[in-house]
Amino acid sequence: MNQSQIEQFNRDGFIAIEDFFTAADSKNLLKRAKELVAEFDLKDHPKTRFSTSRDDHVGDDYFLSSGDKIRFFFEEDALDKNGDLVVDKSVSVNKIGHALHELEPVFREFSTRKRLKEMAQSLGYKQPQVLQSMVIFKNPKIGGEVPPHQDSTFLYTDPPSAIGFWFALEDCTPENGCMWFSPGSHKKYPTLKRFLRDGKGGTKFIDLVEESEPQEDYVCVPTKAGTLVLIHGQVLHKSGHNKSGKSRNIYTFHMIEGENAYASDNWLLPNR
């Protein structure tokens with residue numbers, strides 16, 4: 001990253017860098033992601049939906065033990081009350097997670113490129129460590145919204161160090177659910193809440209400050225395929241429901257500073 005980009009990231013808490021990766025990269029990552037969806041067996045799947053709401057966030061064993069595996073999480077509206085698909089399997093999945101960067105060669109090669117590590121080091125990371133990776137689908141008409149949140153809520157270190165690398169595999173527009181950010185909010189707020197294991201085989205949110213749901217203005221950040229968006233762990237961001245007829249599929253991984261203490265009650269823990 002050049003100095004201007006570093007200054008913009010530090011000021012706003014995010015930066016979108018166009019033409020960061022090639023159309024061939026997008027094609028290869030999307031192709032493999034769709035193959036994985038086609039290949040996984042519904043018969044043994046617990047039909048885990050992925051919800052981002054505070055009251056109903058996913059938290060079963062299938063989710064909690066996914067840190068070193070490749071698992072599939074359905075859209076909330078993809079299943080009926082009996083757990084049967086109401087849409088085609090190919091468009092039913094909200095995300096694949098959380099160890100693509102370790103277990104899938106195409107994603108591992110992409111995620112471990114020298115340029116990405118150098119970017120983290122230019123932002124002051126001494127031992128950048130990738131913790132989780134996901135393909136997030138927003139399929140036409142069914143792709144759900146993601147409410148305002150901070151990534152450090154989910155990957156808490158002391159001091160906070162989470163950073164997201166978000167890769168637009170397709171054009172992301174206001175109609176199909178592009179990202180929205182509250183510029184500079186990473187400087188206004190500490191980590192507002194944490195998402196952690198509840199000690200009973202599930203998960204919970206806990207508030208770290210009284211004002212855990214701040215009212216902020218957001219700016220729309222459409223991105224073309226090939227764009228990398230760097231996301232500070234404490235900047236507030238969100239994305240909308242995909243109401244269009246076009247998909248909005250992305251790949252993302254989250255990194256922390258390996259020298260910082262990683263909370264032992266984080267939802268994502270080593271399973272090895």
# chains A, B, ... in the order shown; residues from 1 in each chain; ligands from 1

$ residues_around --residues "Ile142 of chain A" --least-positions-apart "3" --cutoff "8 Å" --atoms "only C-alpha atoms" --output "PyMOL selection string"
chain A and resi 75+77-78+138-139+241-243

$ select_by_dssp --residues "segment 82-221 of chain A" --states "alpha helix (DSSP H)" --output "MDAnalysis selection string"
chainID A and resid 100:103 105:111 114:122 185:188

$ write_last_selection --atoms "C-alpha atoms" --output "PDB file, in the first residue's frame"
ATOM      1  CA  LEU A 100     -11.281 -22.373   2.799  1.00  0.00           C
ATOM      2  CA  HIS A 101      -7.924 -20.614   3.120  1.00  0.00           C
ATOM      3  CA  GLU A 102      -6.418 -23.812   4.554  1.00  0.00           C
ATOM      4  CA  LEU A 103      -8.287 -26.700   2.949  1.00  0.00           C
ATOM      5  CA  PRO A 105      -6.124 -25.235  -2.886  1.00  0.00           C
ATOM      6  CA  VAL A 106      -7.640 -22.480  -5.060  1.00  0.00           C
ATOM      7  CA  PHE A 107      -8.540 -20.381  -2.017  1.00  0.00           C
ATOM      8  CA  ARG A 108      -5.316 -21.202  -0.177  1.00  0.00           C
ATOM      9  CA  GLU A 109      -3.174 -20.017  -3.076  1.00  0.00           C
ATOM     10  CA  PHE A 110      -5.154 -16.807  -3.381  1.00  0.00           C
ATOM     11  CA  SER A 111      -5.196 -16.086   0.373  1.00  0.00           C
ATOM     12  CA  LYS A 114       2.820 -12.362  -0.721  1.00  0.00           C
ATOM     13  CA  ARG A 115       1.145  -9.082  -1.639  1.00  0.00           C
ATOM     14  CA  LEU A 116      -1.588  -9.585   0.968  1.00  0.00           C
ATOM     15  CA  LYS A 117       0.870 -10.212   3.781  1.00  0.00           C
ATOM     16  CA  GLU A 118       2.843  -7.154   2.709  1.00  0.00           C
ATOM     17  CA  MET A 119      -0.324  -5.045   2.860  1.00  0.00           C
ATOM     18  CA  ALA A 120      -0.935  -6.136   6.439  1.00  0.00           C
ATOM     19  CA  GLN A 121       2.659  -5.367   7.342  1.00  0.00           C
ATOM     20  CA  SER A 122       2.350  -1.892   5.806  1.00  0.00           C
ATOM     21  CA  SER A 185     -16.539   5.200  13.217  1.00  0.00           C
ATOM     22  CA  HIS A 186     -13.531   3.055  14.179  1.00  0.00           C
ATOM     23  CA  LYS A 187     -12.148   6.160  15.899  1.00  0.00           C
ATOM     24  CA  LYS A 188     -15.412   7.072  17.628  1.00  0.00           C
TER      25      LYS A 188
END

$ atom_distance --atom1 "atom CA of Leu169 of chain A" --atom2 "atom CA of Asn249 of chain A"
5.8 Å

$ closest_atom_pairs --of "segment 108-211 of chain A" --to "segment 23-33 of chain A" --cutoff "10 Å" --atoms "only C-alpha atoms" --output "Markdown table"
| residue | atom | partner | partner_atom | distance |
| --- | --- | --- | --- | --- |
| A:Phe110 | CA | A:Asp25 | CA | 8.1 |
| A:Met134 | CA | A:Ala33 | CA | 9.9 |
| A:Val135 | CA | A:Ala33 | CA | 7.2 |
| A:Ile136 | CA | A:Ala33 | CA | 9.7 |
| A:Phe137 | CA | A:Ala33 | CA | 9.6 |
| A:Phe167 | CA | A:Ser26 | CA | 8.8 |
| A:Ala168 | CA | A:Ser26 | CA | 8.0 |
| A:Leu169 | CA | A:Ser26 | CA | 4.9 |
| A:Glu170 | CA | A:Ser26 | CA | 7.6 |

$ write_last_selection --atoms "C-alpha atoms" --output "PDB file, in the first residue's frame"
ATOM      1  CA  PHE A 110      -5.154 -16.807  -3.381  1.00  0.00           C
ATOM      2  CA  MET A 134     -15.756 -17.400   3.791  1.00  0.00           C
ATOM      3  CA  VAL A 135     -17.507 -17.231   0.483  1.00  0.00           C
ATOM      4  CA  ILE A 136     -20.588 -15.106   1.094  1.00  0.00           C
ATOM      5  CA  PHE A 137     -23.383 -15.441  -1.418  1.00  0.00           C
ATOM      6  CA  PHE A 167     -12.878  -9.454  -2.417  1.00  0.00           C
ATOM      7  CA  ALA A 168     -15.677  -8.591  -4.851  1.00  0.00           C
ATOM      8  CA  LEU A 169     -15.994 -11.586  -7.171  1.00  0.00           C
ATOM      9  CA  GLU A 170     -18.871  -9.868  -8.982  1.00  0.00           C
TER      10      GLU A 170
END

$ residues_around --residues "Asp158 of chain A" --least-positions-apart "3" --cutoff "10 Å" --atoms "only C-alpha atoms" --output "PyMOL selection string"
chain A and resi 161+257+259-263

$ residues_around --residues "Arg194 of chain A" --least-positions-apart "3" --cutoff "9 Å" --atoms "only C-alpha atoms" --output "MDAnalysis selection string"
chainID A and resid 152:156 191 204:208 266

$ residues_around --residues "Ser264 of chain A" --least-positions-apart "3" --cutoff "12 Å" --atoms "only C-alpha atoms" --output "mmCIF file with all heavy atoms, in the first residue's frame"
data_model
loop_
_atom_site.group_PDB
_atom_site.id
_atom_site.type_symbol
_atom_site.label_atom_id
_atom_site.label_comp_id
_atom_site.auth_asym_id
_atom_site.auth_seq_id
_atom_site.Cartn_x
_atom_site.Cartn_y
_atom_site.Cartn_z
ATOM 1 N N LEU A 155 -14.150 -11.594 16.414
ATOM 2 C CA LEU A 155 -12.766 -12.084 16.508
ATOM 3 C C LEU A 155 -12.000 -11.129 17.421
ATOM 4 O O LEU A 155 -11.256 -10.266 16.972
ATOM 5 C CB LEU A 155 -12.125 -12.152 15.123
ATOM 6 C CG LEU A 155 -12.827 -13.070 14.113
ATOM 7 C CD1 LEU A 155 -12.244 -12.865 12.723
ATOM 8 C CD2 LEU A 155 -12.722 -14.529 14.525
ATOM 9 N N TYR A 156 -12.194 -11.307 18.719
ATOM 10 C CA TYR A 156 -11.714 -10.333 19.691
ATOM 11 C C TYR A 156 -10.294 -10.658 20.143
ATOM 12 O O TYR A 156 -9.995 -11.785 20.553
ATOM 13 C CB TYR A 156 -12.640 -10.318 20.896
ATOM 14 C CG TYR A 156 -12.343 -9.198 21.873
ATOM 15 C CD1 TYR A 156 -12.768 -7.892 21.610
ATOM 16 C CD2 TYR A 156 -11.646 -9.450 23.046
ATOM 17 C CE1 TYR A 156 -12.503 -6.862 22.495
ATOM 18 C CE2 TYR A 156 -11.378 -8.423 23.938
ATOM 19 C CZ TYR A 156 -11.812 -7.138 23.666
ATOM 20 O OH TYR A 156 -11.545 -6.126 24.549
ATOM 21 N N THR A 157 -9.422 -9.659 20.045
ATOM 22 C CA THR A 157 -8.073 -9.772 20.609
ATOM 23 C C THR A 157 -7.837 -8.595 21.544
ATOM 24 O O THR A 157 -8.557 -7.604 21.519
ATOM 25 C CB THR A 157 -6.990 -9.762 19.505
ATOM 26 O OG1 THR A 157 -7.000 -8.491 18.838
ATOM 27 C CG2 THR A 157 -7.200 -10.883 18.498
ATOM 28 N N ASP A 158 -6.820 -8.727 22.364
ATOM 29 C CA ASP A 158 -6.451 -7.657 23.300
ATOM 30 C C ASP A 158 -5.004 -7.245 23.030
ATOM 31 O O ASP A 158 -4.085 -8.005 23.329
ATOM 32 C CB ASP A 158 -6.609 -8.140 24.740
ATOM 33 C CG ASP A 158 -6.374 -7.022 25.758
ATOM 34 O OD1 ASP A 158 -6.379 -5.845 25.351
ATOM 35 O OD2 ASP A 158 -6.182 -7.346 26.942
ATOM 36 N N PHE A 195 -19.287 -11.376 20.503
ATOM 37 C CA PHE A 195 -20.035 -12.588 20.198
ATOM 38 C C PHE A 195 -19.172 -13.751 20.652
ATOM 39 O O PHE A 195 -18.072 -13.946 20.141
ATOM 40 C CB PHE A 195 -20.313 -12.661 18.698
ATOM 41 C CG PHE A 195 -21.030 -13.904 18.262
ATOM 42 C CD1 PHE A 195 -22.354 -14.120 18.618
ATOM 43 C CD2 PHE A 195 -20.392 -14.851 17.483
ATOM 44 C CE1 PHE A 195 -23.026 -15.259 18.201
ATOM 45 C CE2 PHE A 195 -21.053 -15.994 17.061
ATOM 46 C CZ PHE A 195 -22.373 -16.202 17.420
ATOM 47 N N LEU A 196 -19.650 -14.498 21.630
ATOM 48 C CA LEU A 196 -18.797 -15.522 22.232
ATOM 49 C C LEU A 196 -19.586 -16.778 22.576
ATOM 50 O O LEU A 196 -20.804 -16.825 22.482
ATOM 51 C CB LEU A 196 -18.099 -14.957 23.473
ATOM 52 C CG LEU A 196 -18.898 -14.051 24.423
ATOM 53 C CD1 LEU A 196 -19.814 -14.878 25.299
ATOM 54 C CD2 LEU A 196 -17.956 -13.242 25.291
ATOM 55 N N ARG A 197 -18.850 -17.800 22.970
ATOM 56 C CA ARG A 197 -19.463 -19.045 23.425
ATOM 57 C C ARG A 197 -20.087 -18.824 24.792
ATOM 58 O O ARG A 197 -19.497 -18.152 25.643
ATOM 59 C CB ARG A 197 -18.413 -20.152 23.479
ATOM 60 C CG ARG A 197 -17.853 -20.494 22.100
ATOM 61 C CD ARG A 197 -16.827 -21.600 22.139
ATOM 62 N NE ARG A 197 -16.351 -21.869 20.786
ATOM 63 C CZ ARG A 197 -16.312 -23.079 20.219
ATOM 64 N NH1 ARG A 197 -16.694 -24.139 20.917
ATOM 65 N NH2 ARG A 197 -15.878 -23.242 18.990
ATOM 66 N N ASP A 198 -21.253 -19.421 24.996
ATOM 67 C CA ASP A 198 -21.952 -19.182 26.258
ATOM 68 C C ASP A 198 -21.673 -20.224 27.326
ATOM 69 O O ASP A 198 -22.233 -20.161 28.425
ATOM 70 C CB ASP A 198 -23.462 -19.062 26.018
ATOM 71 C CG ASP A 198 -24.075 -20.356 25.481
ATOM 72 O OD1 ASP A 198 -23.378 -21.392 25.426
ATOM 73 O OD2 ASP A 198 -25.262 -20.337 25.101
ATOM 74 N N GLY A 199 -20.799 -21.196 27.036
ATOM 75 C CA GLY A 199 -20.480 -22.235 28.004
ATOM 76 C C GLY A 199 -21.518 -23.336 28.080
ATOM 77 O O GLY A 199 -21.382 -24.276 28.872
ATOM 78 N N ALA A 261 -3.222 -11.134 22.366
ATOM 79 C CA ALA A 261 -3.923 -12.224 23.045
ATOM 80 C C ALA A 261 -5.281 -12.455 22.392
ATOM 81 O O ALA A 261 -6.071 -11.514 22.245
ATOM 82 C CB ALA A 261 -4.091 -11.886 24.524
ATOM 83 N N TRP A 267 -16.062 -17.240 19.701
ATOM 84 C CA TRP A 267 -16.807 -18.368 19.092
ATOM 85 C C TRP A 267 -15.895 -19.246 18.265
ATOM 86 O O TRP A 267 -16.071 -20.469 18.224
ATOM 87 C CB TRP A 267 -17.962 -17.842 18.234
ATOM 88 C CG TRP A 267 -17.553 -17.390 16.857
ATOM 89 C CD1 TRP A 267 -17.238 -16.138 16.446
ATOM 90 C CD2 TRP A 267 -17.373 -18.237 15.706
ATOM 91 N NE1 TRP A 267 -16.879 -16.126 15.121
ATOM 92 C CE2 TRP A 267 -16.963 -17.409 14.642
ATOM 93 C CE3 TRP A 267 -17.537 -19.604 15.480
ATOM 94 C CZ2 TRP A 267 -16.701 -17.904 13.361
ATOM 95 C CZ3 TRP A 267 -17.272 -20.091 14.211
ATOM 96 C CH2 TRP A 267 -16.861 -19.250 13.161
ATOM 97 N N LEU A 268 -14.917 -18.621 17.569
ATOM 98 C CA LEU A 268 -14.014 -19.361 16.706
ATOM 99 C C LEU A 268 -12.791 -19.779 17.497
ATOM 100 O O LEU A 268 -11.980 -18.953 17.901
ATOM 101 C CB LEU A 268 -13.589 -18.500 15.508
ATOM 102 C CG LEU A 268 -12.619 -19.143 14.524
ATOM 103 C CD1 LEU A 268 -13.325 -20.264 13.741
ATOM 104 C CD2 LEU A 268 -12.056 -18.123 13.547
ATOM 105 N N LEU A 269 -12.677 -21.081 17.750
ATOM 106 C CA LEU A 269 -11.552 -21.614 18.503
ATOM 107 C C LEU A 269 -10.922 -22.763 17.717
ATOM 108 O O LEU A 269 -11.604 -23.460 16.959
ATOM 109 C CB LEU A 269 -12.005 -22.128 19.872
ATOM 110 C CG LEU A 269 -12.541 -21.092 20.849
ATOM 111 C CD1 LEU A 269 -13.035 -21.790 22.116
ATOM 112 C CD2 LEU A 269 -11.461 -20.063 21.204
ATOM 113 N N PRO A 270 -9.599 -22.971 17.927
ATOM 114 C CA PRO A 270 -8.949 -24.097 17.254
ATOM 115 C C PRO A 270 -9.610 -25.398 17.663
ATOM 116 O O PRO A 270 -9.907 -25.640 18.838
ATOM 117 C CB PRO A 270 -7.508 -24.025 17.759
ATOM 118 C CG PRO A 270 -7.328 -22.624 18.243
ATOM 119 C CD PRO A 270 -8.666 -22.196 18.763
#

$ closest_atom_pairs --of "segment 104-210 of chain A" --to "segment 59-63 of chain A" --cutoff "8 Å" --atoms "only C-alpha atoms" --output "JSON lines"
{"residue": "A:Gly201", "atom": "CA", "partner": "A:Asp61", "partner_atom": "CA", "distance": 7.1}
{"residue": "A:Gly202", "atom": "CA", "partner": "A:Gly59", "partner_atom": "CA", "distance": 5.1}
{"residue": "A:Thr203", "atom": "CA", "partner": "A:Gly59", "partner_atom": "CA", "distance": 5.2}

$ atom_distance --atom1 "atom CA of Arg248 of chain A" --atom2 "atom CA of Gly226 of chain A"
12.7 Å

$ closest_residue --among "A:Pro183, A:Ile17, A:Pro148, A:Lys224" --to "Asn2 of chain A" --atoms "only C-alpha atoms"
A:Ile17

$ select_by_dssp --residues "segment 61-208 of chain A" --states "strand (DSSP E)" --output "number ranges by chain"
A: 70-74, 93-98, 128-136, 146-149, 157-158, 163-168, 179-181, 193-197, 203-207

$ residues_around --residues "Cys220 of chain A" --least-positions-apart "4" --cutoff "8 Å" --atoms "only C-alpha atoms" --output "ChimeraX atom specification"
/A:174,178-181

$ closest_residue --among "A:Asp19, A:Glu35, A:Glu104, A:Asp68" --to "Ser90 of chain A" --atoms "only C-alpha atoms"
A:Glu35

$ residues_around --residues "Lys47 of chain A" --least-positions-apart "6" --cutoff "12 Å" --atoms "only C-alpha atoms" --output "PyMOL selection string"
chain A and resi 41+58+60-63+71-85+89+92-94

$ write_last_selection --atoms "N, CA, C and O atoms" --output "tab-separated table (two decimals), in the first residue's frame"
chain	number	residue	atom	x	y	z
A	41	ASP	N	-23.46	-32.91	0.52
A	41	ASP	CA	-24.59	-33.81	0.65
A	41	ASP	C	-25.62	-33.24	1.62
A	41	ASP	O	-25.32	-33.00	2.80
A	58	VAL	N	-26.73	-17.64	14.50
A	58	VAL	CA	-26.40	-19.06	14.45
A	58	VAL	C	-25.43	-19.43	15.57
A	58	VAL	O	-24.54	-18.65	15.93
A	60	ASP	N	-25.09	-23.35	16.65
A	60	ASP	CA	-25.12	-24.77	16.96
A	60	ASP	C	-23.74	-25.39	16.77
A	60	ASP	O	-22.77	-24.71	16.39
A	61	ASP	N	-23.62	-26.69	17.06
A	61	ASP	CA	-22.32	-27.34	16.99
A	61	ASP	C	-21.75	-27.35	15.58
A	61	ASP	O	-20.54	-27.25	15.39
A	62	TYR	N	-22.62	-27.47	14.59
A	62	TYR	CA	-22.17	-27.45	13.20
A	62	TYR	C	-21.43	-26.16	12.90
A	62	TYR	O	-20.40	-26.16	12.21
A	63	PHE	N	-21.93	-25.06	13.45
A	63	PHE	CA	-21.28	-23.76	13.30
A	63	PHE	C	-20.04	-23.66	14.18
A	63	PHE	O	-18.96	-23.28	13.72
A	71	ARG	N	-17.85	-25.79	5.70
A	71	ARG	CA	-19.24	-26.10	5.98
A	71	ARG	C	-20.15	-25.08	5.30
A	71	ARG	O	-19.72	-24.01	4.89
A	72	PHE	N	-21.43	-25.42	5.26
A	72	PHE	CA	-22.38	-24.69	4.42
A	72	PHE	C	-23.55	-24.22	5.27
A	72	PHE	O	-24.16	-25.01	6.01
A	73	PHE	N	-23.87	-22.94	5.15
A	73	PHE	CA	-24.91	-22.33	5.97
A	73	PHE	C	-25.97	-21.71	5.06
A	73	PHE	O	-25.65	-20.91	4.17
A	74	PHE	N	-27.21	-22.07	5.32
A	74	PHE	CA	-28.30	-21.69	4.43
A	74	PHE	C	-28.81	-20.28	4.71
A	74	PHE	O	-28.73	-19.76	5.82
A	75	GLU	N	-29.39	-19.69	3.67
A	75	GLU	CA	-30.15	-18.46	3.84
A	75	GLU	C	-31.36	-18.74	4.74
A	75	GLU	O	-31.93	-19.84	4.71
A	76	GLU	N	-31.76	-17.73	5.50
A	76	GLU	CA	-32.91	-17.90	6.39
A	76	GLU	C	-34.17	-18.28	5.63
A	76	GLU	O	-35.01	-19.05	6.12
A	77	ASP	N	-34.34	-17.75	4.42
A	77	ASP	CA	-35.56	-17.99	3.66
A	77	ASP	C	-35.46	-19.17	2.70
A	77	ASP	O	-36.37	-19.41	1.91
A	78	ALA	N	-34.35	-19.93	2.81
A	78	ALA	CA	-34.16	-21.05	1.88
A	78	ALA	C	-34.86	-22.33	2.33
A	78	ALA	O	-35.05	-23.24	1.53
A	79	LEU	N	-35.24	-22.39	3.62
A	79	LEU	CA	-35.83	-23.60	4.18
A	79	LEU	C	-37.20	-23.30	4.76
A	79	LEU	O	-37.44	-22.22	5.31
A	80	ASP	N	-38.09	-24.27	4.69
A	80	ASP	CA	-39.38	-24.10	5.34
A	80	ASP	C	-39.29	-24.54	6.79
A	80	ASP	O	-38.21	-24.91	7.28
A	81	LYS	N	-40.40	-24.54	7.51
A	81	LYS	CA	-40.38	-24.85	8.95
A	81	LYS	C	-39.97	-26.30	9.23
A	81	LYS	O	-39.58	-26.63	10.35
A	82	ASN	N	-40.06	-27.15	8.21
A	82	ASN	CA	-39.64	-28.54	8.37
A	82	ASN	C	-38.20	-28.79	7.97
A	82	ASN	O	-37.72	-29.92	8.03
A	83	GLY	N	-37.51	-27.73	7.55
A	83	GLY	CA	-36.13	-27.87	7.14
A	83	GLY	C	-35.95	-28.32	5.71
A	83	GLY	O	-34.85	-28.72	5.31
A	84	ASP	N	-37.00	-28.24	4.91
A	84	ASP	CA	-36.91	-28.62	3.50
A	84	ASP	C	-36.64	-27.38	2.64
A	84	ASP	O	-37.17	-26.29	2.91
A	85	LEU	N	-35.82	-27.56	1.63
A	85	LEU	CA	-35.49	-26.46	0.74
A	85	LEU	C	-36.73	-25.98	-0.02
A	85	LEU	O	-37.51	-26.79	-0.52
A	89	LYS	N	-31.12	-25.84	-4.58
A	89	LYS	CA	-29.93	-25.95	-3.74
A	89	LYS	C	-28.82	-24.99	-4.18
A	89	LYS	O	-28.10	-24.43	-3.36
A	92	SER	N	-29.34	-21.68	-2.45
A	92	SER	CA	-29.86	-21.77	-1.09
A	92	SER	C	-28.85	-21.37	-0.02
A	92	SER	O	-29.23	-21.08	1.12
A	93	VAL	N	-27.57	-21.35	-0.37
A	93	VAL	CA	-26.51	-21.17	0.63
A	93	VAL	C	-26.17	-19.70	0.82
A	93	VAL	O	-26.00	-18.96	-0.15
A	94	ASN	N	-26.11	-19.30	2.09
A	94	ASN	CA	-25.68	-17.94	2.44
A	94	ASN	C	-24.17	-17.83	2.43
A	94	ASN	O	-23.62	-16.85	1.92

$ closest_atom_pairs --of "segment 117-155 of chain A" --to "segment 231-239 of chain A" --cutoff "8 Å" --atoms "only C-alpha atoms" --output "tab-separated table"
residue	atom	partner	partner_atom	distance
A:Glu145	CA	A:Ser239	CA	5.6
A:Val146	CA	A:Ser239	CA	5.1
A:Pro147	CA	A:Lys238	CA	5.2
A:Pro148	CA	A:Lys238	CA	4.5
A:His149	CA	A:Leu236	CA	5.3
A:Gln150	CA	A:Gln234	CA	5.0
A:Asp151	CA	A:Gly233	CA	4.7
A:Ser152	CA	A:Gly233	CA	4.8

$ closest_residue --among "A:Met255, A:Lys141, A:Phe14, A:Gln8" --to "Val229 of chain A" --atoms "only C-alpha atoms"
A:Phe14
